[in-house]
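**Student:** Submitted below is the structure of interest, expressed as structure tokens.
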Amino acid sequence: MGDTERRCKIASEKPMADKITAGTILIREGACLPGSLRFESEPFSNEWRLVRNLDGYGLAQEIREAGWIFVRMAGEFKATAMGFCQQETPWRAVKRALAKLKSQRSNCLEITDVTVEHILGLLYVKVIARPRRIQESPSFSRAESPVVRDRARLVTA
């Protein structure tokens, strides 16, 4: 088994590899969420979870029912990846989009488009994503940061 085949076999064992499509939602691990919000998710990386069985619209409804809001933030991120593996390449493109999100005050990312092309025998994947934010109130404040907010809860508890 060659190196590329071995990497593809490992990547195909990742349960989320084939679930990266338009509408996919990723939520930052440890994000402050309403207690009544229930949805299925699975680990995507150390910092992110992939929401299962809900797209952006469905998750927005659940969040609204919990009394919180799901804000679509300005801008979008484009990320690309090239490779031989059908499973690993989209995953890498999304990880690159998440890396661009680090400077944003966002705790969520919605994949809006995934384009897969074959160029000279290589798989070329382009992902377009929008930053989103799950928050309790319509206004931003410093306390909205998950870290600051969690510290505030620990201090008052």
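Each chain of the structure tokens is named A, B, ... in the order shown, its residues numbered from 1; ligands are numbered from 1 in display order.
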Name all residues at most 10 Å from A:Tyr57 (count only C-alpha atoms; drop same-chain ones fewer than 6 positions away) and give them as number ranges by chain.

**Tutor:** A: 23, 63, 70

**Student:** May I have the residues from that selection written out with N, CA and C atoms, as a PDB file, in the first residue's frame?

**Tutor:**
```pdb
ATOM      1  N   GLY A  23     -24.139  23.931   3.736  1.00  0.00           N
ATOM      2  CA  GLY A  23     -25.072  23.815   4.851  1.00  0.00           C
ATOM      3  C   GLY A  23     -24.458  23.218   6.105  1.00  0.00           C
ATOM      4  N   ILE A  63     -32.188  27.472  17.879  1.00  0.00           N
ATOM      5  CA  ILE A  63     -31.624  28.532  18.724  1.00  0.00           C
ATOM      6  C   ILE A  63     -32.690  29.565  19.057  1.00  0.00           C
ATOM      7  N   PHE A  70     -29.043  33.636  16.321  1.00  0.00           N
ATOM      8  CA  PHE A  70     -27.996  33.048  15.488  1.00  0.00           C
ATOM      9  C   PHE A  70     -27.626  34.111  14.461  1.00  0.00           C
TER      10      PHE A  70
END
```

**Student:** Would you please work out which residue, of A:Val51, A:Phe84, A:Glu136, A:Ile27, is nearest to A:Val116 when using only C-alpha atoms?

**Tutor:**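 Among the listed residues, A:Phe84 lies closest to A:Val116.
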
**Student:** Apply DSSP to the structure's backbone, then extract all residues of stretch 13-147 of chain A labelled strand (DSSP E) and return them as a VMD selection string.

**Tutor:** chain A and resid 25 to 28 40 to 43 48 to 52 69 to 72 77 to 83 108 to 119 122 to 135

**Student:** Keeping only N, CA and C atoms, write the selected residues to a file as a short mmCIF file (atom, residue, chain, number, x, y, z; two decimals), in the first residue's frame.

**Tutor:**
```
data_model
loop_
_atom_site.label_atom_id
_atom_site.label_comp_id
_atom_site.auth_asym_id
_atom_site.auth_seq_id
_atom_site.Cartn_x
_atom_site.Cartn_y
_atom_site.Cartn_z
N ILE A 25 -22.54 22.89 9.44
CA ILE A 25 -22.31 23.84 10.53
C ILE A 25 -21.25 23.27 11.46
N LEU A 26 -20.29 24.11 11.82
CA LEU A 26 -19.28 23.75 12.83
C LEU A 26 -19.41 24.74 13.98
N ILE A 27 -19.37 24.24 15.21
CA ILE A 27 -19.46 25.07 16.40
C ILE A 27 -18.19 24.90 17.21
N ARG A 28 -17.67 26.03 17.69
CA ARG A 28 -16.44 26.00 18.49
C ARG A 28 -16.67 25.19 19.77
N GLU A 40 -27.31 16.96 17.81
CA GLU A 40 -26.24 15.97 17.74
C GLU A 40 -25.02 16.59 17.09
N SER A 41 -23.86 16.24 17.60
CA SER A 41 -22.62 16.72 17.01
C SER A 41 -21.54 15.66 17.18
N GLU A 42 -20.46 15.87 16.46
CA GLU A 42 -19.32 14.97 16.57
C GLU A 42 -18.04 15.79 16.46
N PRO A 43 -16.95 15.32 17.03
CA PRO A 43 -15.70 16.09 16.96
C PRO A 43 -15.24 16.26 15.52
N TRP A 48 -13.25 22.32 17.34
CA TRP A 48 -14.52 22.44 16.63
C TRP A 48 -15.32 21.14 16.62
N ARG A 49 -16.65 21.29 16.63
CA ARG A 49 -17.58 20.17 16.52
C ARG A 49 -18.45 20.34 15.29
N LEU A 50 -18.72 19.25 14.61
CA LEU A 50 -19.57 19.25 13.44
C LEU A 50 -21.00 18.92 13.86
N VAL A 51 -21.94 19.79 13.51
CA VAL A 51 -23.35 19.58 13.86
C VAL A 51 -23.93 18.56 12.88
N ARG A 52 -24.60 17.56 13.42
CA ARG A 52 -25.21 16.53 12.59
C ARG A 52 -26.70 16.77 12.46
N ILE A 69 -30.18 34.05 19.72
CA ILE A 69 -30.14 34.41 18.31
C ILE A 69 -28.91 33.81 17.63
N PHE A 70 -29.04 33.64 16.32
CA PHE A 70 -28.00 33.05 15.49
C PHE A 70 -27.63 34.11 14.46
N VAL A 71 -26.55 34.82 14.69
CA VAL A 71 -26.16 35.98 13.89
C VAL A 71 -25.28 35.55 12.72
N ARG A 72 -25.61 36.04 11.54
CA ARG A 72 -24.74 35.85 10.38
C ARG A 72 -23.82 37.06 10.34
N PHE A 77 -15.26 33.41 4.02
CA PHE A 77 -13.92 32.87 3.90
C PHE A 77 -13.88 31.89 2.75
N LYS A 78 -12.83 31.96 1.96
CA LYS A 78 -12.60 30.99 0.89
C LYS A 78 -11.33 30.25 1.23
N ALA A 79 -11.38 28.96 1.10
CA ALA A 79 -10.20 28.15 1.37
C ALA A 79 -10.15 27.02 0.35
N THR A 80 -8.96 26.64 -0.02
CA THR A 80 -8.79 25.57 -1.00
C THR A 80 -7.81 24.53 -0.48
N ALA A 81 -7.92 23.35 -1.05
CA ALA A 81 -6.96 22.29 -0.76
C ALA A 81 -6.85 21.41 -1.99
N MET A 82 -5.68 20.89 -2.20
CA MET A 82 -5.45 19.96 -3.31
C MET A 82 -4.91 18.66 -2.75
N GLY A 83 -5.27 17.58 -3.39
CA GLY A 83 -4.78 16.28 -2.94
C GLY A 83 -5.32 15.17 -3.80
N CYS A 108 -19.06 29.98 15.50
CA CYS A 108 -19.73 29.06 14.60
C CYS A 108 -19.31 29.36 13.16
N LEU A 109 -19.33 28.36 12.31
CA LEU A 109 -19.00 28.53 10.91
C LEU A 109 -20.00 27.74 10.08
N GLU A 110 -20.55 28.37 9.05
CA GLU A 110 -21.48 27.70 8.16
C GLU A 110 -20.83 27.57 6.78
N ILE A 111 -20.72 26.35 6.29
CA ILE A 111 -20.20 26.11 4.95
C ILE A 111 -21.32 26.46 3.97
N THR A 112 -21.05 27.39 3.05
CA THR A 112 -22.09 27.79 2.10
C THR A 112 -21.90 27.18 0.72
N ASP A 113 -20.68 26.76 0.40
CA ASP A 113 -20.46 26.15 -0.91
C ASP A 113 -19.21 25.27 -0.87
N VAL A 114 -19.30 24.14 -1.53
CA VAL A 114 -18.16 23.25 -1.69
C VAL A 114 -18.08 22.89 -3.17
N THR A 115 -16.94 23.21 -3.78
CA THR A 115 -16.72 22.91 -5.18
C THR A 115 -15.57 21.90 -5.29
N VAL A 116 -15.82 20.83 -5.99
CA VAL A 116 -14.81 19.79 -6.17
C VAL A 116 -14.52 19.66 -7.66
N GLU A 117 -13.25 19.80 -8.02
CA GLU A 117 -12.82 19.66 -9.41
C GLU A 117 -11.60 18.75 -9.46
N HIS A 118 -11.37 18.21 -10.64
CA HIS A 118 -10.16 17.41 -10.87
C HIS A 118 -9.29 18.17 -11.85
N ILE A 119 -8.06 18.45 -11.43
CA ILE A 119 -7.12 19.19 -12.26
C ILE A 119 -5.82 18.39 -12.34
N LEU A 122 -5.28 15.69 -9.90
CA LEU A 122 -5.41 16.06 -8.49
C LEU A 122 -6.84 16.51 -8.20
N LEU A 123 -7.25 16.29 -6.99
CA LEU A 123 -8.54 16.77 -6.52
C LEU A 123 -8.34 18.19 -6.01
N TYR A 124 -9.16 19.11 -6.48
CA TYR A 124 -9.10 20.51 -6.07
C TYR A 124 -10.43 20.83 -5.40
N VAL A 125 -10.38 21.20 -4.10
CA VAL A 125 -11.59 21.49 -3.35
C VAL A 125 -11.55 22.94 -2.90
N LYS A 126 -12.62 23.66 -3.20
CA LYS A 126 -12.77 25.05 -2.77
C LYS A 126 -13.99 25.12 -1.85
N VAL A 127 -13.78 25.69 -0.67
CA VAL A 127 -14.84 25.82 0.32
C VAL A 127 -15.09 27.30 0.56
N ILE A 128 -16.36 27.70 0.58
CA ILE A 128 -16.74 29.05 0.96
C ILE A 128 -17.56 28.93 2.23
N ALA A 129 -17.21 29.73 3.23
CA ALA A 129 -17.87 29.64 4.53
C ALA A 129 -18.15 31.02 5.09
N ARG A 130 -19.17 31.11 5.91
CA ARG A 130 -19.54 32.36 6.57
C ARG A 130 -19.42 32.20 8.08
N PRO A 131 -18.82 33.19 8.73
CA PRO A 131 -18.79 33.15 10.19
C PRO A 131 -20.19 33.41 10.74
N ARG A 132 -20.54 32.69 11.79
CA ARG A 132 -21.82 32.88 12.47
C ARG A 132 -21.54 32.97 13.96
N ARG A 133 -22.52 33.44 14.69
CA ARG A 133 -22.35 33.58 16.13
C ARG A 133 -23.66 33.23 16.82
N ILE A 134 -23.58 32.36 17.81
CA ILE A 134 -24.71 32.03 18.65
C ILE A 134 -24.56 32.89 19.90
N GLN A 135 -25.57 33.69 20.20
CA GLN A 135 -25.46 34.57 21.37
C GLN A 135 -26.83 34.80 21.98
#
```

**Student:** Considering only C-alpha atoms, can you say which of A:Glu29, A:Arg64, A:Ala22, A:Asn46 comes closest to A:Ser137?

**Tutor:**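 Closest candidate: A:Arg64.
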
**Student:** Which distance in Å separates atom CA of A:Pro34 and atom CA of A:Asn53, to one decimal?

**Tutor:**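 Going from atom CA of A:Pro34 over to atom CA of A:Asn53 covers 18.7 Å.
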
**Student:** Choose the residue, out of A:Ala97, A:Ala66, A:Glu47, A:Cys85, that has the smallest atom-to-atom separation from A:Gly30; count only C-alpha atoms.

**Tutor:**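 When distances to A:Gly30 are compared using only C-alpha atoms, the smallest one comes from A:Glu47.
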
**Student:** Could you tell me how far atom CA of A:Ala74 lies from atom CA of A:Asp55, in Å and to one decimal?

**Tutor:**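 These two atoms are separated by 18.9 Å.
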
**Student:** Can you measure atom CA of A:Arg96 to atom CA of A:Leu54 for me? One decimal in Å is fine.

**Tutor:** 22.4 Å
